[in-house]
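Student: One file: final14.cif (mmCIF, C-alpha atoms and all ligand atoms).
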data_model
loop_
_atom_site.label_atom_id
_atom_site.label_comp_id
_atom_site.auth_asym_id
_atom_site.auth_seq_id
_atom_site.Cartn_x
_atom_site.Cartn_y
_atom_site.Cartn_z
CA MET A 1 -0.56 16.99 -32.55
CA THR A 2 0.53 15.93 -29.07
CA ARG A 3 0.70 18.93 -26.76
CA PHE A 4 2.98 17.37 -24.15
CA ASP A 5 6.12 15.35 -23.60
CA VAL A 6 6.54 12.48 -21.16
CA ALA A 7 9.46 13.05 -18.78
CA THR A 8 10.57 10.49 -16.20
CA VAL A 9 12.48 11.35 -13.02
CA SER A 10 15.53 9.70 -14.61
CA GLU A 11 15.30 12.17 -17.50
CA ARG A 12 14.18 15.29 -15.62
CA PRO A 13 15.16 15.03 -11.92
CA ASP A 14 14.66 18.79 -11.74
CA LEU A 15 10.88 18.24 -12.00
CA LEU A 16 10.70 15.94 -8.96
CA SER A 17 9.47 18.53 -6.48
CA GLU A 18 6.75 19.73 -8.87
CA MET A 19 5.71 16.12 -9.36
CA GLN A 20 5.53 15.58 -5.61
CA GLU A 21 3.57 18.79 -5.08
CA LEU A 22 1.02 17.88 -7.76
CA GLY A 23 0.77 14.29 -6.52
CA GLY A 24 0.00 15.42 -2.98
CA SER A 25 -2.52 18.06 -3.94
CA ALA A 26 -5.45 15.92 -5.07
CA TRP A 27 -6.62 14.03 -2.02
CA PRO A 28 -8.85 14.38 1.01
CA GLU A 29 -6.72 15.11 4.09
CA PHE A 30 -7.23 11.71 5.73
CA LEU A 31 -5.61 9.87 2.79
CA ALA A 32 -2.26 11.43 3.73
CA HIS A 33 -2.17 9.29 6.89
CA ASP A 34 -1.62 5.76 5.62
CA GLU A 35 1.46 4.68 7.60
CA THR A 36 2.64 2.12 5.04
CA VAL A 37 2.43 4.59 2.18
CA ASN A 38 4.18 7.26 4.22
CA ARG A 39 6.99 4.90 5.11
CA TRP A 40 7.75 3.65 1.59
CA TRP A 41 6.57 6.24 -0.97
CA SER A 42 9.56 8.56 -0.68
CA LEU A 43 11.88 5.76 -1.89
CA LEU A 44 10.25 5.58 -5.33
CA PRO A 45 12.22 8.37 -7.08
CA GLU A 46 15.55 6.90 -6.01
CA LEU A 47 14.75 3.21 -6.54
CA ALA A 48 12.40 3.35 -9.54
CA PRO A 49 13.10 6.67 -11.30
CA ASP A 50 12.04 5.36 -14.74
CA TYR A 51 8.54 4.66 -13.40
CA GLN A 52 7.83 8.14 -11.99
CA PHE A 53 6.92 10.60 -14.69
CA VAL A 54 5.15 13.81 -15.61
CA LEU A 55 3.42 15.11 -18.71
CA VAL A 56 5.02 18.46 -19.56
CA GLU A 57 3.21 20.90 -21.81
CA ARG A 58 5.25 21.76 -24.88
CA GLY A 59 6.22 25.41 -25.02
CA SER A 60 5.11 26.46 -21.53
CA GLY A 61 6.89 23.66 -19.63
CA VAL A 62 3.89 23.40 -17.27
CA VAL A 63 3.54 20.04 -15.52
CA LEU A 64 0.06 18.85 -16.56
CA ALA A 65 -0.08 15.46 -14.84
CA CYS A 66 2.04 13.01 -12.89
CA ALA A 67 2.13 9.26 -12.47
CA ASN A 68 3.84 6.86 -10.08
CA ALA A 69 4.44 3.15 -10.53
CA LEU A 70 7.05 0.54 -9.71
CA PRO A 71 8.38 -2.75 -11.07
CA ILE A 72 7.18 -5.82 -9.17
CA VAL A 73 7.56 -9.57 -9.07
CA TRP A 74 4.20 -11.19 -9.93
CA ASP A 75 3.37 -14.66 -11.21
CA GLY A 76 0.61 -13.37 -13.51
CA ARG A 77 -2.27 -15.01 -11.63
CA SER A 78 -5.20 -12.84 -10.52
CA GLU A 79 -5.52 -14.90 -7.31
CA THR A 80 -2.10 -13.79 -6.10
CA LEU A 81 -2.81 -10.06 -6.40
CA PRO A 82 -2.88 -8.98 -2.74
CA ALA A 83 -6.07 -7.96 -0.93
CA GLU A 84 -3.96 -5.18 0.61
CA GLY A 85 -3.50 -3.47 -2.79
CA ILE A 86 -1.24 -0.44 -2.45
CA ASP A 87 -0.23 -1.26 1.13
CA ALA A 88 1.15 -4.60 -0.08
CA VAL A 89 2.47 -3.92 -3.56
CA LEU A 90 4.44 -0.80 -2.60
CA PRO A 91 6.65 -2.35 0.15
CA ALA A 92 6.97 -5.66 -1.73
CA GLY A 93 8.08 -3.88 -4.91
CA ILE A 94 10.61 -1.73 -3.06
CA GLU A 95 12.03 -4.75 -1.22
CA ALA A 96 12.31 -6.67 -4.51
CA ILE A 97 14.29 -3.80 -6.04
CA ARG A 98 16.54 -3.60 -2.99
CA HIS A 99 17.26 -7.32 -3.19
CA GLY A 100 18.06 -7.11 -6.89
CA GLN A 101 15.19 -9.38 -7.94
CA SER A 102 14.26 -9.25 -11.62
CA PRO A 103 10.81 -7.74 -12.10
CA THR A 104 8.16 -9.63 -14.04
CA ALA A 105 5.53 -6.87 -14.12
CA ALA A 106 4.86 -3.32 -12.95
CA SER A 107 2.18 -1.83 -10.75
CA ALA A 108 0.65 1.59 -11.14
CA LEU A 109 0.21 3.46 -7.87
CA MET A 110 -1.19 6.91 -8.60
CA ILE A 111 -2.07 9.29 -11.42
CA VAL A 112 -3.01 12.92 -10.85
CA VAL A 113 -4.06 15.46 -13.48
CA ARG A 114 -3.67 19.15 -12.66
CA ARG A 115 -7.08 20.53 -11.71
CA GLU A 116 -7.14 23.23 -14.40
CA VAL A 117 -6.70 20.71 -17.23
CA ARG A 118 -8.98 17.90 -16.07
CA GLY A 119 -11.68 16.61 -18.42
CA GLN A 120 -9.39 16.78 -21.46
CA GLY A 121 -8.39 13.14 -21.70
CA LEU A 122 -4.98 13.51 -20.03
CA SER A 123 -5.57 10.65 -17.61
CA GLY A 124 -5.84 8.20 -20.49
CA ALA A 125 -2.64 9.68 -21.91
CA CYS A 126 -0.92 8.93 -18.58
CA VAL A 127 -2.12 5.32 -18.61
CA ARG A 128 -0.92 4.88 -22.20
CA ALA A 129 2.46 6.46 -21.35
CA LEU A 130 2.79 4.10 -18.41
CA ARG A 131 2.04 1.08 -20.60
CA GLU A 132 4.75 2.25 -23.00
CA ILE A 133 7.28 2.57 -20.16
CA VAL A 134 6.42 -0.93 -18.97
CA GLU A 135 6.81 -2.33 -22.50
CA ALA A 136 10.10 -0.47 -22.96
CA HIS A 137 11.37 -2.34 -19.88
CA GLY A 138 10.46 -5.63 -21.53
CA LEU A 139 7.59 -6.36 -19.13
CA ALA A 140 4.33 -7.85 -20.37
CA SER A 141 1.99 -6.86 -17.55
CA LEU A 142 0.94 -3.68 -15.84
CA VAL A 143 -1.42 -4.08 -12.89
CA ALA A 144 -3.11 -1.30 -10.98
CA PRO A 145 -4.94 -1.16 -7.66
CA VAL A 146 -7.45 1.32 -9.08
CA ARG A 147 -9.30 3.80 -6.87
CA PRO A 148 -12.93 3.92 -8.04
CA ILE A 149 -13.19 7.68 -7.85
CA TRP A 150 -16.97 8.00 -7.79
CA LYS A 151 -17.47 5.35 -5.11
CA ASP A 152 -17.52 8.17 -2.52
CA ARG A 153 -20.91 9.11 -3.96
CA TYR A 154 -22.18 5.60 -3.17
CA PRO A 155 -20.43 4.68 0.09
CA LEU A 156 -23.13 2.20 1.15
CA ILE A 157 -23.29 0.20 -2.09
CA PRO A 158 -21.34 -3.09 -1.88
CA LEU A 159 -18.06 -2.96 -3.75
CA GLU A 160 -18.62 -6.00 -5.90
CA ARG A 161 -21.82 -4.47 -7.25
CA TYR A 162 -20.45 -0.96 -7.81
CA ALA A 163 -17.42 -2.22 -9.75
CA TYR A 164 -19.54 -3.80 -12.44
CA TRP A 165 -22.07 -1.00 -12.94
CA ARG A 166 -22.10 -0.03 -16.60
CA ARG A 167 -23.50 2.91 -18.53
CA PRO A 168 -26.13 2.37 -21.23
CA ASP A 169 -23.31 2.43 -23.83
CA GLY A 170 -21.71 -0.58 -22.11
CA ALA A 171 -18.71 1.29 -20.66
CA LEU A 172 -17.92 0.96 -16.96
CA PHE A 173 -19.80 3.50 -14.84
CA ASP A 174 -16.87 4.66 -12.71
CA PRO A 175 -14.77 7.16 -14.71
CA TRP A 176 -11.43 5.93 -13.46
CA LEU A 177 -12.15 2.22 -13.88
CA ARG A 178 -13.43 3.20 -17.33
CA VAL A 179 -10.20 5.00 -18.29
CA HIS A 180 -8.23 1.84 -17.49
CA GLU A 181 -10.68 -0.39 -19.35
CA GLN A 182 -10.59 1.90 -22.39
CA ALA A 183 -6.79 1.69 -22.34
CA GLY A 184 -7.09 -2.10 -22.58
CA ALA A 185 -7.23 -3.28 -18.96
CA GLU A 186 -9.37 -6.01 -17.50
CA LEU A 187 -10.98 -5.90 -14.05
CA VAL A 188 -9.49 -8.93 -12.30
CA GLY A 189 -10.29 -8.61 -8.62
CA VAL A 190 -10.96 -6.59 -5.51
CA ALA A 191 -8.32 -5.25 -3.14
CA PRO A 192 -10.65 -4.74 -0.16
CA ARG A 193 -7.90 -3.41 2.12
CA SER A 194 -5.77 -1.36 -0.28
CA MET A 195 -5.08 1.46 2.17
CA CYS A 196 -5.57 1.51 5.93
CA ILE A 197 -5.80 4.73 7.89
CA ALA A 198 -6.15 4.74 11.65
CA GLY A 199 -6.20 7.66 14.05
CA THR A 200 -7.71 8.92 17.27
CA VAL A 201 -11.20 10.41 17.19
CA ALA A 202 -9.59 13.85 17.47
CA ASP A 203 -7.40 13.07 14.44
CA TRP A 204 -10.46 12.10 12.41
CA GLU A 205 -12.37 15.18 13.54
CA ARG A 206 -9.47 17.31 12.33
CA TRP A 207 -8.97 15.44 9.04
CA THR A 208 -12.68 15.44 8.15
CA ARG A 209 -13.78 18.70 9.81
CA MET A 210 -16.70 16.74 11.21
CA THR A 211 -17.80 16.16 14.79
CA LEU A 212 -17.83 12.43 15.56
CA PRO A 213 -19.60 12.29 18.93
CA GLU A 214 -20.24 8.57 19.36
CA THR A 215 -19.33 5.08 18.17
CA GLY A 216 -20.66 4.36 14.69
CA SER A 217 -20.12 4.20 10.93
CA TYR A 218 -19.65 7.65 9.41
CA VAL A 219 -20.05 8.68 5.77
CA VAL A 220 -17.18 11.07 5.19
CA PRO A 221 -16.53 13.26 2.11
CA GLY A 222 -13.98 11.61 -0.17
CA ALA A 223 -14.16 8.20 1.57
CA LEU A 224 -15.27 5.25 -0.56
CA VAL A 225 -16.74 3.34 2.39
CA PRO A 226 -17.72 4.56 5.87
CA VAL A 227 -15.15 5.38 8.55
CA GLU A 228 -15.62 3.19 11.63
CA VAL A 229 -15.36 5.13 14.88
CA ASP A 230 -15.01 3.49 18.28
CA SER A 231 -15.34 6.12 21.03
CA GLU A 232 -14.42 3.71 23.86
CA ARG A 233 -11.12 2.88 22.21
CA ASP A 234 -10.69 6.46 20.97
CA GLU A 235 -10.08 5.17 17.46
CA GLY A 236 -11.29 5.74 13.93
CA VAL A 237 -10.37 3.37 11.11
CA TYR A 238 -10.84 3.69 7.36
CA VAL A 239 -10.03 0.77 5.10
CA GLU A 240 -10.06 1.80 1.45
CA PRO A 241 -11.00 -0.75 -1.20
CA ASN A 242 -9.51 -0.62 -4.69
CA PHE A 243 -9.98 -2.81 -7.74
CA TRP A 244 -7.18 -4.71 -9.39
CA MET A 245 -6.97 -4.10 -13.11
CA HIS A 246 -4.58 -5.87 -15.47
CA HIS A 247 -3.13 -4.39 -18.65
CA HIS A 248 -1.58 -6.94 -20.99
CA CYS A 249 1.07 -4.68 -22.46
CA GLY A 250 1.94 -5.16 -26.08
CA ASP A 251 -1.66 -5.68 -27.14
CA ALA A 252 -3.08 -2.16 -26.87
CA PRO A 253 -6.66 -1.63 -28.04
CA VAL A 254 -7.04 -0.25 -31.57
C1 LIG B 1 -9.14 10.94 -12.01
C2 LIG B 1 -8.38 11.90 -12.91
C3 LIG B 1 -6.94 11.39 -13.04
C4 LIG B 1 -9.08 11.93 -14.27
O1 LIG B 1 -8.33 12.76 -15.11
P1 LIG B 1 -8.97 13.65 -16.29
O2 LIG B 1 -7.85 13.99 -17.21
O3 LIG B 1 -9.73 14.74 -15.70
O4 LIG B 1 -9.99 12.66 -16.92
P2 LIG B 1 -10.30 12.49 -18.46
O5 LIG B 1 -10.51 13.80 -19.10
O6 LIG B 1 -9.25 11.60 -19.05
O7 LIG B 1 -11.68 11.73 -18.35
C5 LIG B 1 -11.77 10.40 -17.92
C6 LIG B 1 -13.19 9.99 -17.91
O8 LIG B 1 -13.86 10.63 -16.84
C7 LIG B 1 -14.91 11.44 -17.30
N1 LIG B 1 -14.89 12.68 -16.57
C8 LIG B 1 -13.83 13.47 -16.35
N2 LIG B 1 -14.19 14.52 -15.61
C9 LIG B 1 -15.50 14.38 -15.36
C10 LIG B 1 -16.46 15.13 -14.63
N3 LIG B 1 -16.13 16.24 -13.98
N4 LIG B 1 -17.71 14.68 -14.57
C11 LIG B 1 -18.05 13.55 -15.23
N5 LIG B 1 -17.19 12.79 -15.92
C12 LIG B 1 -15.95 13.21 -15.98
C13 LIG B 1 -14.65 11.68 -18.76
O9 LIG B 1 -15.85 11.86 -19.47
C14 LIG B 1 -13.92 10.42 -19.18
O10 LIG B 1 -14.79 9.36 -19.46
P3 LIG B 1 -15.27 9.03 -20.94
O11 LIG B 1 -14.23 9.55 -21.88
O12 LIG B 1 -15.39 7.56 -20.95
O13 LIG B 1 -16.57 9.71 -21.06
C15 LIG B 1 -8.37 13.34 -12.34
O14 LIG B 1 -9.70 13.75 -12.11
C16 LIG B 1 -7.58 13.47 -11.07
O15 LIG B 1 -6.38 13.73 -11.09
N6 LIG B 1 -8.26 13.30 -9.90
C17 LIG B 1 -7.62 13.36 -8.60
C18 LIG B 1 -6.67 12.18 -8.37
C19 LIG B 1 -7.31 10.85 -8.64
O16 LIG B 1 -8.42 10.55 -8.20
N7 LIG B 1 -6.56 9.99 -9.38
C20 LIG B 1 -7.04 8.64 -9.73
C21 LIG B 1 -6.75 7.63 -8.69
S1 LIG B 1 -5.01 7.31 -8.56
#
Turn this file's structure into structure tokens for me.
Tutor:
Amino acid sequence: MTRFDVATVSERPDLLSEMQELGGSAWPEFLAHDETVNRWWSLLPELAPDYQFVLVERGSGVVLACANALPIVWDGRSETLPAEGIDAVLPAGIEAIRHGQSPTAASALMIVVRREVRGQGLSGACVRALREIVEAHGLASLVAPVRPIWKDRYPLIPLERYAYWRRPDGALFDPWLRVHEQAGAELVGVAPRSMCIAGTVADWERWTRMTLPETGSYVVPGALVPVEVDSERDEGVYVEPNFWMHHHCGDAPV
């Protein structure tokens, strides 16, 4: 029997602050400094409340997981999915809503499962719930700029190789890409510049708790590729790659 209910911000606005707290709790410090995300993210609950939701445990009322997405205008072609992943789809989706454009698809943005209940299959439940929300809005496609969560263990391996690594049983190697594939998604492209985070060397030293004494490429905990530090310019830049995955809603796997 299902142990949780799905509650959107439209249905349970009272859970918004818990959702935001959980959503912000899962990331390395530096990921909180993407200027595009910081500028647009806070508009999601007001402009796309049906696409922000939590899984609430029956009985206890504990928020087990949260998910954020938004409706978008997309022509359905893999080639037009932007290289700038989240940094492109978030502002474009918000602007489309503001201008009253009819959506043709939705994009996932983030899913977080509460630490204490990870490893119990709740992330797949979130993806399935999101697909159902998208279908309920009459949309046929859900895309996702997916963060390959184990790529930080292999920061020097080229993206295009890592994405297609498979386990002996044939499933994708990366757990998060795998969850999407198991829910019926197809890997359709790379978003090499999905998030961009720039700061001074002092900022990066604070965010990473590492000393960064000279110009170079640094492997940083939680970063999927190295952070590029330029001491002369007093600048560190991290450009996070994601992978575009496409769920054809309405034909869920059996
Ligand atoms: C990524 C995340 C959502 C996964 O949620 P979860 O509920 O713990 O994951 P699940 O129990 O559904 O497991 C998903 C897959 O990962 C594997 N997995 C989960 N935890 C694992 C662990 N600690 N070690 C190895 N594999 C693990 C599971 O075996 C499963 O794969 P399989 O069923 O094909 O074998 C969760 O860890 C999380 O919130 N992380 C922080 C935020 C994040 O990275 N979100 C995703 C990007 S938006």
Student: When you look at range 19-32 of chain A with a cut-off of 7 Å (counting only C-alpha atoms), what residues show up, excluding the ones that are within fewer than 4 positions of it in the same chain? I need them as a list in words.
Tutor: Leu15, Val54, Cys66, Val112, Arg114, Trp207 and Gly222 of chain A
Student: Sort by chain and increasing residue number a table of all residues of chain A within 7 Å of ligand LIG 1 (chain B), each with its closest pair of atoms and their distance in Å to one decimal, counting all atoms listed in the file, and write it as JSON lines.
Tutor:
{"residue": "A:Ala26", "atom": "CA", "partner": "B:LIG1", "partner_atom": "C17", "distance": 4.9}
{"residue": "A:Trp27", "atom": "CA", "partner": "B:LIG1", "partner_atom": "C18", "distance": 6.6}
{"residue": "A:Leu109", "atom": "CA", "partner": "B:LIG1", "partner_atom": "S1", "distance": 6.5}
{"residue": "A:Met110", "atom": "CA", "partner": "B:LIG1", "partner_atom": "S1", "distance": 3.8}
{"residue": "A:Ile111", "atom": "CA", "partner": "B:LIG1", "partner_atom": "S1", "distance": 4.6}
{"residue": "A:Val112", "atom": "CA", "partner": "B:LIG1", "partner_atom": "O15", "distance": 3.5}
{"residue": "A:Val113", "atom": "CA", "partner": "B:LIG1", "partner_atom": "O15", "distance": 3.8}
{"residue": "A:Arg114", "atom": "CA", "partner": "B:LIG1", "partner_atom": "O15", "distance": 6.3}
{"residue": "A:Arg115", "atom": "CA", "partner": "B:LIG1", "partner_atom": "O15", "distance": 6.9}
{"residue": "A:Val117", "atom": "CA", "partner": "B:LIG1", "partner_atom": "O2", "distance": 6.8}
{"residue": "A:Arg118", "atom": "CA", "partner": "B:LIG1", "partner_atom": "O3", "distance": 3.3}
{"residue": "A:Gly119", "atom": "CA", "partner": "B:LIG1", "partner_atom": "O5", "distance": 3.1}
{"residue": "A:Gln120", "atom": "CA", "partner": "B:LIG1", "partner_atom": "O5", "distance": 4.0}
{"residue": "A:Gly121", "atom": "CA", "partner": "B:LIG1", "partner_atom": "O6", "distance": 3.2}
{"residue": "A:Leu122", "atom": "CA", "partner": "B:LIG1", "partner_atom": "O2", "distance": 4.1}
{"residue": "A:Ser123", "atom": "CA", "partner": "B:LIG1", "partner_atom": "O2", "distance": 4.1}
{"residue": "A:Gly124", "atom": "CA", "partner": "B:LIG1", "partner_atom": "O6", "distance": 5.0}
{"residue": "A:Val146", "atom": "CA", "partner": "B:LIG1", "partner_atom": "C21", "distance": 6.4}
{"residue": "A:Arg147", "atom": "CA", "partner": "B:LIG1", "partner_atom": "C21", "distance": 4.9}
{"residue": "A:Ile149", "atom": "CA", "partner": "B:LIG1", "partner_atom": "O16", "distance": 5.6}
{"residue": "A:Pro175", "atom": "CA", "partner": "B:LIG1", "partner_atom": "O8", "distance": 4.2}
{"residue": "A:Trp176", "atom": "CA", "partner": "B:LIG1", "partner_atom": "C1", "distance": 5.7}
{"residue": "A:Arg178", "atom": "CA", "partner": "B:LIG1", "partner_atom": "O12", "distance": 6.0}
{"residue": "A:Val179", "atom": "CA", "partner": "B:LIG1", "partner_atom": "C5", "distance": 5.6}
Student: In terms of the shortest atom-to-atom distance over all atoms listed in the file, which of A:Ser60, A:Gln52, A:Thr211, A:Gln101 is closest to Val6 in chain A?
Tutor: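 Looking only at the distances to Val6 in chain A, the closest residue turns out to be A:Gln52.
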Student: Given only C-alpha atoms as the basis, pick out the residue of A:Gly76, A:Gly236, A:Gly184, A:Gly189 nearest to Ala202 in chain A.
Tutor: A:Gly236
Student: Within 12 Å of (6.3, 7.9, -13.2), only C-alpha atoms: residues as a ChimeraX atom specification?
Tutor: /A:6-13,15-16,19-20,23,44-55,65-71,106-112,126-134
Student: Just the number, please: distance in Å from CA of Asp234 in chain A to CA of Val220 in chain A, one decimal.
Tutor: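 If I compute the distance from CA of Asp234 in chain A to CA of Val220 in chain A, I get 17.7 Å.
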Student: Identify which of the residues A:Pro213, A:Pro155, A:Gly170, A:Pro145 lies closest to His246 in chain A, counting all atoms listed in the file when measuring atom-to-atom distances.
Tutor: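 That would be A:Pro145, the residue with the smallest distance to His246 in chain A.
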Student: For Pro91 in chain A, work out the shell of residues within 12 Å, counting all atoms listed in the file and skipping chain neighbours fewer than 6 positions away, then give it as a tab-separated table (two decimals) with C-alpha atoms, in the coordinates of the input.
Tutor:
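So around.tsv came out as:
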chain	number	residue	atom	x	y	z
A	35	GLU	CA	1.46	4.68	7.60
A	36	THR	CA	2.64	2.12	5.04
A	37	VAL	CA	2.43	4.59	2.18
A	38	ASN	CA	4.18	7.26	4.22
A	39	ARG	CA	6.99	4.90	5.11
A	40	TRP	CA	7.75	3.65	1.59
A	41	TRP	CA	6.57	6.24	-0.97
A	42	SER	CA	9.56	8.56	-0.68
A	43	LEU	CA	11.88	5.76	-1.89
A	44	LEU	CA	10.25	5.58	-5.33
A	47	LEU	CA	14.75	3.21	-6.54
A	70	LEU	CA	7.05	0.54	-9.71
A	71	PRO	CA	8.38	-2.75	-11.07
A	72	ILE	CA	7.18	-5.82	-9.17
A	73	VAL	CA	7.56	-9.57	-9.07
A	82	PRO	CA	-2.88	-8.98	-2.74
A	84	GLU	CA	-3.96	-5.18	0.61
A	85	GLY	CA	-3.50	-3.47	-2.79
A	97	ILE	CA	14.29	-3.80	-6.04
A	98	ARG	CA	16.54	-3.60	-2.99
A	107	SER	CA	2.18	-1.83	-10.75
A	109	LEU	CA	0.21	3.46	-7.87
Student: When distances are computed from all atoms listed in the file, which of A:Leu139, A:Thr208, A:His33, A:Pro148 shows the smallest separation from Tyr162 in chain A?
Tutor: A:Pro148
Student: Since the input is missing atoms, can you rebuild N, CA, C and O atoms for range 98-118 of chain A and write them as a PDB file, in the frame of the given file?
Tutor:
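What ended up in part22.pdb:
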ATOM      1  N   ARG A  98      15.369  -3.621  -3.890  1.00  0.00           N
ATOM      2  CA  ARG A  98      16.540  -3.600  -2.990  1.00  0.00           C
ATOM      3  C   ARG A  98      17.319  -4.916  -3.000  1.00  0.00           C
ATOM      4  O   ARG A  98      18.522  -4.924  -2.819  1.00  0.00           O
ATOM      5  N   HIS A  99      16.595  -6.017  -3.187  1.00  0.00           N
ATOM      6  CA  HIS A  99      17.260  -7.320  -3.190  1.00  0.00           C
ATOM      7  C   HIS A  99      17.695  -7.744  -4.580  1.00  0.00           C
ATOM      8  O   HIS A  99      18.117  -8.891  -4.780  1.00  0.00           O
ATOM      9  N   GLY A 100      17.569  -6.835  -5.544  1.00  0.00           N
ATOM     10  CA  GLY A 100      18.060  -7.110  -6.890  1.00  0.00           C
ATOM     11  C   GLY A 100      17.267  -8.163  -7.637  1.00  0.00           C
ATOM     12  O   GLY A 100      17.768  -8.782  -8.571  1.00  0.00           O
ATOM     13  N   GLN A 101      16.013  -8.397  -7.232  1.00  0.00           N
ATOM     14  CA  GLN A 101      15.190  -9.380  -7.940  1.00  0.00           C
ATOM     15  C   GLN A 101      14.762  -8.837  -9.301  1.00  0.00           C
ATOM     16  O   GLN A 101      14.477  -7.641  -9.420  1.00  0.00           O
ATOM     17  N   SER A 102      14.697  -9.703 -10.297  1.00  0.00           N
ATOM     18  CA  SER A 102      14.260  -9.250 -11.620  1.00  0.00           C
ATOM     19  C   SER A 102      12.751  -9.089 -11.634  1.00  0.00           C
ATOM     20  O   SER A 102      12.030 -10.026 -11.277  1.00  0.00           O
ATOM     21  N   PRO A 103      12.267  -7.922 -12.066  1.00  0.00           N
ATOM     22  CA  PRO A 103      10.810  -7.740 -12.100  1.00  0.00           C
ATOM     23  C   PRO A 103      10.168  -8.557 -13.202  1.00  0.00           C
ATOM     24  O   PRO A 103      10.806  -8.856 -14.220  1.00  0.00           O
ATOM     25  N   THR A 104       8.910  -8.904 -13.002  1.00  0.00           N
ATOM     26  CA  THR A 104       8.160  -9.630 -14.040  1.00  0.00           C
ATOM     27  C   THR A 104       6.951  -8.819 -14.492  1.00  0.00           C
ATOM     28  O   THR A 104       6.244  -9.218 -15.404  1.00  0.00           O
ATOM     29  N   ALA A 105       6.687  -7.700 -13.805  1.00  0.00           N
ATOM     30  CA  ALA A 105       5.530  -6.870 -14.120  1.00  0.00           C
ATOM     31  C   ALA A 105       5.766  -5.494 -13.486  1.00  0.00           C
ATOM     32  O   ALA A 105       6.822  -5.264 -12.877  1.00  0.00           O
ATOM     33  N   ALA A 106       4.786  -4.612 -13.650  1.00  0.00           N
ATOM     34  CA  ALA A 106       4.860  -3.320 -12.950  1.00  0.00           C
ATOM     35  C   ALA A 106       3.481  -3.045 -12.369  1.00  0.00           C
ATOM     36  O   ALA A 106       2.474  -3.580 -12.843  1.00  0.00           O
ATOM     37  N   SER A 107       3.470  -2.236 -11.315  1.00  0.00           N
ATOM     38  CA  SER A 107       2.180  -1.830 -10.750  1.00  0.00           C
ATOM     39  C   SER A 107       2.069  -0.319 -10.768  1.00  0.00           C
ATOM     40  O   SER A 107       2.984   0.384 -10.329  1.00  0.00           O
ATOM     41  N   ALA A 108       0.955   0.164 -11.259  1.00  0.00           N
ATOM     42  CA  ALA A 108       0.650   1.590 -11.140  1.00  0.00           C
ATOM     43  C   ALA A 108       0.308   1.874  -9.687  1.00  0.00           C
ATOM     44  O   ALA A 108      -0.149   0.981  -8.961  1.00  0.00           O
ATOM     45  N   LEU A 109       0.553   3.094  -9.240  1.00  0.00           N
ATOM     46  CA  LEU A 109       0.210   3.460  -7.870  1.00  0.00           C
ATOM     47  C   LEU A 109      -0.696   4.691  -7.825  1.00  0.00           C
ATOM     48  O   LEU A 109      -1.640   4.754  -7.049  1.00  0.00           O
ATOM     49  N   MET A 110      -0.407   5.666  -8.678  1.00  0.00           N
ATOM     50  CA  MET A 110      -1.190   6.910  -8.600  1.00  0.00           C
ATOM     51  C   MET A 110      -1.033   7.704  -9.896  1.00  0.00           C
ATOM     52  O   MET A 110       0.044   7.716 -10.494  1.00  0.00           O
ATOM     53  N   ILE A 111      -2.112   8.338 -10.307  1.00  0.00           N
ATOM     54  CA  ILE A 111      -2.070   9.290 -11.420  1.00  0.00           C
ATOM     55  C   ILE A 111      -2.866  10.511 -10.986  1.00  0.00           C
ATOM     56  O   ILE A 111      -3.974  10.384 -10.454  1.00  0.00           O
ATOM     57  N   VAL A 112      -2.298  11.681 -11.177  1.00  0.00           N
ATOM     58  CA  VAL A 112      -3.010  12.920 -10.850  1.00  0.00           C
ATOM     59  C   VAL A 112      -2.895  13.882 -12.024  1.00  0.00           C
ATOM     60  O   VAL A 112      -1.794  14.109 -12.552  1.00  0.00           O
ATOM     61  N   VAL A 113      -4.041  14.447 -12.421  1.00  0.00           N
ATOM     62  CA  VAL A 113      -4.060  15.460 -13.480  1.00  0.00           C
ATOM     63  C   VAL A 113      -4.290  16.814 -12.818  1.00  0.00           C
ATOM     64  O   VAL A 113      -5.150  16.931 -11.920  1.00  0.00           O
ATOM     65  N   ARG A 114      -3.513  17.807 -13.228  1.00  0.00           N
ATOM     66  CA  ARG A 114      -3.670  19.150 -12.660  1.00  0.00           C
ATOM     67  C   ARG A 114      -5.123  19.605 -12.822  1.00  0.00           C
ATOM     68  O   ARG A 114      -5.714  19.435 -13.880  1.00  0.00           O
ATOM     69  N   ARG A 115      -5.665  20.173 -11.764  1.00  0.00           N
ATOM     70  CA  ARG A 115      -7.080  20.530 -11.710  1.00  0.00           C
ATOM     71  C   ARG A 115      -7.541  21.335 -12.921  1.00  0.00           C
ATOM     72  O   ARG A 115      -8.586  21.075 -13.507  1.00  0.00           O
ATOM     73  N   GLU A 116      -6.729  22.310 -13.324  1.00  0.00           N
ATOM     74  CA  GLU A 116      -7.140  23.230 -14.400  1.00  0.00           C
ATOM     75  C   GLU A 116      -7.269  22.541 -15.753  1.00  0.00           C
ATOM     76  O   GLU A 116      -7.866  23.100 -16.673  1.00  0.00           O
ATOM     77  N   VAL A 117      -6.666  21.360 -15.917  1.00  0.00           N
ATOM     78  CA  VAL A 117      -6.700  20.710 -17.230  1.00  0.00           C
ATOM     79  C   VAL A 117      -7.406  19.340 -17.171  1.00  0.00           C
ATOM     80  O   VAL A 117      -7.198  18.498 -18.029  1.00  0.00           O
ATOM     81  N   ARG A 118      -8.227  19.150 -16.138  1.00  0.00           N
ATOM     82  CA  ARG A 118      -8.980  17.900 -16.070  1.00  0.00           C
ATOM     83  C   ARG A 118     -10.099  17.903 -17.115  1.00  0.00           C
ATOM     84  O   ARG A 118     -10.515  18.958 -17.584  1.00  0.00           O
TER      85      ARG A 118
END
